[in-house]
>>> print(open('target_6.csv').read())   # CSV, C-alpha atoms and all ligand atoms
chain,number,residue,atom,x,y,z
A,29,MET,CA,84.7,41.3,167.7
A,30,ARG,CA,82.1,43.8,169.0
A,31,THR,CA,84.8,46.4,169.2
A,32,LEU,CA,85.7,45.8,165.6
A,33,VAL,CA,82.1,46.1,164.4
A,34,ALA,CA,81.7,49.3,166.4
A,35,ALA,CA,84.9,50.6,164.9
A,36,ILE,CA,83.7,49.8,161.3
A,37,LEU,CA,80.3,51.4,162.0
A,38,LEU,CA,82.1,54.5,163.4
A,39,VAL,CA,84.2,54.8,160.2
A,40,ILE,CA,81.1,54.5,158.0
A,41,CYS,CA,79.4,57.2,160.1
A,42,VAL,CA,82.2,59.6,159.9
A,43,VAL,CA,83.5,59.0,156.4
A,44,GLY,CA,80.2,58.0,154.8
A,45,LEU,CA,79.7,55.3,152.3
A,46,PRO,CA,81.4,56.0,149.0
A,47,VAL,CA,78.9,57.3,146.4
A,48,ASP,CA,79.3,56.0,143.0
A,49,PRO,CA,78.8,58.9,140.6
A,50,THR,CA,77.9,56.5,137.8
A,51,ILE,CA,74.8,55.3,139.6
A,52,ALA,CA,71.7,56.9,138.1
A,53,SER,CA,69.8,59.3,140.2
A,54,ASP,CA,67.1,57.9,142.4
A,55,ALA,CA,63.8,58.9,140.8
A,56,ALA,CA,62.5,60.0,144.2
A,57,VAL,CA,65.3,62.5,144.5
A,58,LEU,CA,64.2,64.2,141.3
A,59,GLN,CA,60.6,64.7,142.4
A,60,PRO,CA,60.0,68.4,143.1
A,61,ARG,CA,60.2,69.3,146.8
A,62,VAL,CA,58.2,72.5,146.5
A,63,PRO,CA,54.5,71.8,147.0
A,64,SER,CA,52.7,71.8,143.7
A,65,ASP,CA,50.5,74.9,144.5
A,66,GLN,CA,53.7,77.0,145.0
A,67,LEU,CA,55.9,75.5,142.4
A,68,ASP,CA,55.1,77.8,139.5
A,69,GLU,CA,55.7,80.9,141.6
A,70,ALA,CA,59.0,79.5,143.0
A,71,ARG,CA,60.2,78.8,139.5
A,72,THR,CA,59.9,82.5,138.6
A,73,TRP,CA,62.5,83.5,141.3
A,74,LYS,CA,65.8,84.2,139.7
A,75,ASN,CA,69.3,84.4,141.0
A,76,LEU,CA,70.5,87.8,139.9
A,77,LEU,CA,74.0,87.3,141.1
A,78,GLU,CA,76.6,86.3,138.6
A,79,ALA,CA,78.6,83.1,139.2
A,80,THR,CA,81.9,84.9,139.2
A,81,PRO,CA,84.8,83.2,141.1
A,82,GLU,CA,84.5,85.8,143.8
A,83,ASN,CA,80.8,85.3,144.3
A,84,VAL,CA,81.1,81.5,144.3
A,85,GLU,CA,83.8,81.9,146.9
A,86,LYS,CA,81.5,84.0,149.1
A,87,GLY,CA,78.9,81.3,148.9
A,88,LYS,CA,81.4,78.7,149.8
A,89,ALA,CA,82.4,80.6,152.9
A,90,ILE,CA,78.8,80.7,154.1
A,91,PHE,CA,78.2,77.0,153.2
A,92,GLN,CA,81.2,75.9,155.2
A,93,GLY,CA,80.9,78.6,157.9
A,94,LYS,CA,77.9,80.3,159.5
A,95,ALA,CA,75.2,78.3,157.7
A,96,PHE,CA,76.9,74.9,158.6
A,97,CYS,CA,75.5,73.3,155.4
A,98,VAL,CA,78.7,71.3,155.3
A,99,THR,CA,77.7,69.3,158.4
A,100,CYS,CA,75.1,67.4,156.4
A,101,HIS,CA,76.1,68.0,152.8
A,102,GLY,CA,79.8,67.5,153.2
A,103,ARG,CA,82.7,69.5,151.8
A,104,ASP,CA,82.4,67.7,148.5
A,105,GLY,CA,78.7,68.4,148.3
A,106,ARG,CA,77.9,64.7,148.0
A,107,GLY,CA,76.2,64.4,151.3
A,108,LEU,CA,77.4,62.3,154.2
A,109,GLY,CA,75.2,59.3,153.3
A,110,ASP,CA,72.4,58.1,155.5
A,111,ILE,CA,72.9,59.7,158.8
A,112,PRO,CA,71.3,57.7,161.6
A,113,GLY,CA,68.3,59.7,163.0
A,114,LEU,CA,68.2,62.1,160.1
A,115,VAL,CA,64.8,62.4,158.4
A,116,GLY,CA,65.0,62.8,154.7
A,117,ARG,CA,66.7,61.0,151.9
A,118,LEU,CA,70.5,61.1,152.2
A,119,PRO,CA,71.4,64.8,152.0
A,120,ARG,CA,71.6,65.4,148.2
A,121,ASN,CA,74.5,64.6,146.0
A,122,PHE,CA,75.0,68.1,144.6
A,123,THR,CA,77.4,66.7,142.0
A,124,ASP,CA,74.5,64.7,140.4
A,125,LYS,CA,73.9,66.5,137.1
A,126,ALA,CA,70.4,65.0,136.7
A,127,TRP,CA,69.4,66.5,140.1
A,128,GLN,CA,71.0,69.8,139.2
A,129,ALA,CA,69.1,69.9,135.9
A,130,ALA,CA,65.8,68.9,137.6
A,131,ARG,CA,65.8,72.0,139.8
A,132,THR,CA,65.5,75.7,139.1
A,133,ASP,CA,67.3,78.3,141.3
A,134,GLY,CA,63.9,79.4,142.5
A,135,GLU,CA,63.0,76.0,143.8
A,136,LEU,CA,66.2,75.8,145.7
A,137,MET,CA,65.6,79.2,147.2
A,138,TRP,CA,62.1,78.0,148.3
A,139,ILE,CA,63.8,75.2,150.2
A,140,LEU,CA,66.2,77.6,151.9
A,141,LYS,CA,63.1,79.7,152.9
A,142,ASN,CA,60.8,76.9,154.0
A,143,GLY,CA,63.0,73.8,154.4
A,144,SER,CA,62.1,70.5,152.7
A,145,PRO,CA,58.7,69.5,154.1
A,146,GLY,CA,58.9,66.4,156.3
A,147,THR,CA,62.7,66.2,156.3
A,148,ASP,CA,65.6,67.4,158.4
A,149,MET,CA,66.4,70.1,155.8
A,150,ALA,CA,65.3,73.1,157.8
A,151,SER,CA,64.6,76.6,156.7
A,152,PHE,CA,67.5,79.0,156.9
A,153,ILE,CA,65.9,82.3,156.0
A,154,PRO,CA,65.6,84.6,157.9
A,155,LEU,CA,67.1,83.0,161.1
A,156,ILE,CA,70.5,82.1,159.8
A,157,LEU,CA,70.7,83.7,156.3
A,158,THR,CA,69.5,86.7,154.6
A,159,GLU,CA,67.9,86.2,151.2
A,160,GLU,CA,71.0,87.7,149.6
A,161,GLU,CA,73.4,85.4,151.4
A,162,ALA,CA,71.2,82.5,150.4
A,163,TRP,CA,71.6,83.4,146.7
A,164,TYR,CA,75.4,83.4,147.2
A,165,VAL,CA,75.2,79.9,148.8
A,166,LEU,CA,73.1,78.7,145.9
A,167,LEU,CA,75.8,79.8,143.5
A,168,TYR,CA,78.1,77.5,145.4
A,169,VAL,CA,75.6,74.7,145.4
A,170,ARG,CA,75.4,75.0,141.6
A,171,SER,CA,79.2,75.0,141.3
A,172,PHE,CA,79.2,71.3,142.4
A,173,GLY,CA,77.3,70.5,139.2
A,174,GLN,CA,80.1,72.0,137.0
A,175,PRO,CA,82.6,69.7,135.3
B,201,LIG,C1,70.7,68.9,159.5
B,201,LIG,C2,71.3,68.5,158.2
B,201,LIG,C3,71.2,69.6,157.1
B,201,LIG,C4,71.8,70.8,157.1
B,201,LIG,C5,72.6,71.5,158.2
B,201,LIG,C6,71.5,71.4,155.8
B,201,LIG,N1,70.8,70.4,155.0
B,201,LIG,FE1,70.2,70.7,153.1
B,201,LIG,N2,69.3,68.9,153.1
B,201,LIG,C7,69.3,68.0,154.2
B,201,LIG,C8,68.5,66.9,153.9
B,201,LIG,C9,68.2,65.7,154.8
B,201,LIG,C10,68.0,67.1,152.6
B,201,LIG,C11,67.1,66.2,151.8
B,201,LIG,C12,65.7,66.7,151.9
B,201,LIG,C13,64.7,66.0,151.0
B,201,LIG,O1,64.8,64.8,150.8
B,201,LIG,O2,63.9,66.7,150.4
B,201,LIG,C14,68.6,68.3,152.1
B,201,LIG,C15,68.3,68.9,150.9
B,201,LIG,C16,68.9,70.1,150.4
B,201,LIG,C17,68.7,70.6,149.1
B,201,LIG,C18,68.0,69.9,148.0
B,201,LIG,C19,66.5,70.2,148.0
B,201,LIG,C20,65.9,69.7,146.7
B,201,LIG,O3,65.1,70.5,146.1
B,201,LIG,O4,66.2,68.6,146.2
B,201,LIG,C21,69.4,71.8,149.0
B,201,LIG,C22,69.5,72.7,147.8
B,201,LIG,C23,70.0,72.0,150.3
B,201,LIG,N3,69.7,70.9,151.2
B,201,LIG,C24,70.8,73.0,150.6
B,201,LIG,C25,71.3,73.3,151.9
B,201,LIG,C26,72.1,74.5,152.2
B,201,LIG,C27,72.5,75.6,151.2
B,201,LIG,C28,72.4,74.4,153.6
B,201,LIG,C29,73.0,75.4,154.4
B,201,LIG,C30,72.4,76.7,154.4
B,201,LIG,C31,71.8,73.1,154.0
B,201,LIG,N4,71.2,72.5,153.0
B,201,LIG,C32,71.9,72.6,155.3
B,201,LIG,C33,70.0,68.2,155.4
B,201,LIG,C34,70.6,69.3,155.8
>>> encode(input="target_6.csv", output="structure tokens", more="lines below")
Ligand code: HEC
Amino acid sequence: MRTLVAAILLVICVVGLPVDPTIASDAAVLQPRVPSDQLDEARTWKNLLEATPENVEKGKAIFQGKAFCVTCHGRDGRGLGDIPGLVGRLPRNFTDKAWQAARTDGELMWILKNGSPGTDMASFIPLILTEEEAWYVLLYVRSFGQP
């Protein structure tokens, strides 16, 4: 019996709980992550790269490759569910249109520079990504919100 429970838990850990896309976004997820004194400035930062298929592909390669975003956010961008020991709300469901609409590109860039304060979303610039590479990754993050 204990083996069965352990096996089920393992499957849940590896596969994640299914996320129902019809569930409305959690209000807490929509709250800005950028501290209020830096929010206005962050919102002025624009992604100057065009979302061409080639550029989105470049972002995807970084997301799944050297920046290992995929380890927490999943290949489908829905996040892996609550990961035991991980601090922060389940890594975002990037396919959530309400969340996509609630954020500007600049705010997402701020997160890649600074991390999300108080969570396991770390900063990736400049240690892992250049700012330019981060803009490519964000094109890919945005592509999850497309129909
Ligand atoms: C160690 C696990 C982990 C890795 C690796 C990771 N993230 Fe995250 N990410 C998180 C968690 C946890 C959150 C939720 C943070 C919160 O609640 O504010 C998050 C949140 C985010 C958000 C949403 C912030 C917001 O404003 O709502 C974005 C965008 C994001 N991550 C992008 C990335 C990208 C791009 C990469 C790769 C460069 C990456 N993450 C790698 C764990 C991770």
>>> residues_near_ligand(input="target_6.csv", ligand="ligand LIG 201 (chain B)", cutoff="7 Å", atoms="all atoms listed in the file", output="PyMOL selection string")
chain A and resi 57-58+60-61+91+95-101+114-120+131+135-136+139-140+144-145+147-150+152+165-166+169
>>> closest_residue(input="target_6.csv", among="A:Thr72, A:Gln59, A:Phe122, A:Ser64", to="Leu108 of chain A", atoms="only C-alpha atoms")
A:Phe122
>>> closest_residue(input="target_6.csv", among="A:Thr123, A:Gln174, A:Ser151, A:Asn83", to="Gly102 of chain A", atoms="only C-alpha atoms")
A:Thr123
>>> atom_distance(input="target_6.csv", atom1="atom CA of Glu78 of chain A", atom2="atom CA of Asp124 of chain A")
21.8 Å
>>> atom_distance(input="target_6.csv", atom1="atom CA of Gly87 of chain A", atom2="atom CA of Gly146 of chain A")
26.0 Å
>>> atom_distance(input="target_6.csv", atom1="atom CA of Glu82 of chain A", atom2="atom CA of Asn142 of chain A")
27.3 Å
>>> residues_near_point(input="target_6.csv", point="(57.4, 78.8, 142.8)", cutoff="10 Å", atoms="only C-alpha atoms", output="PyMOL selection string")
chain A and resi 62-73+132+134-138
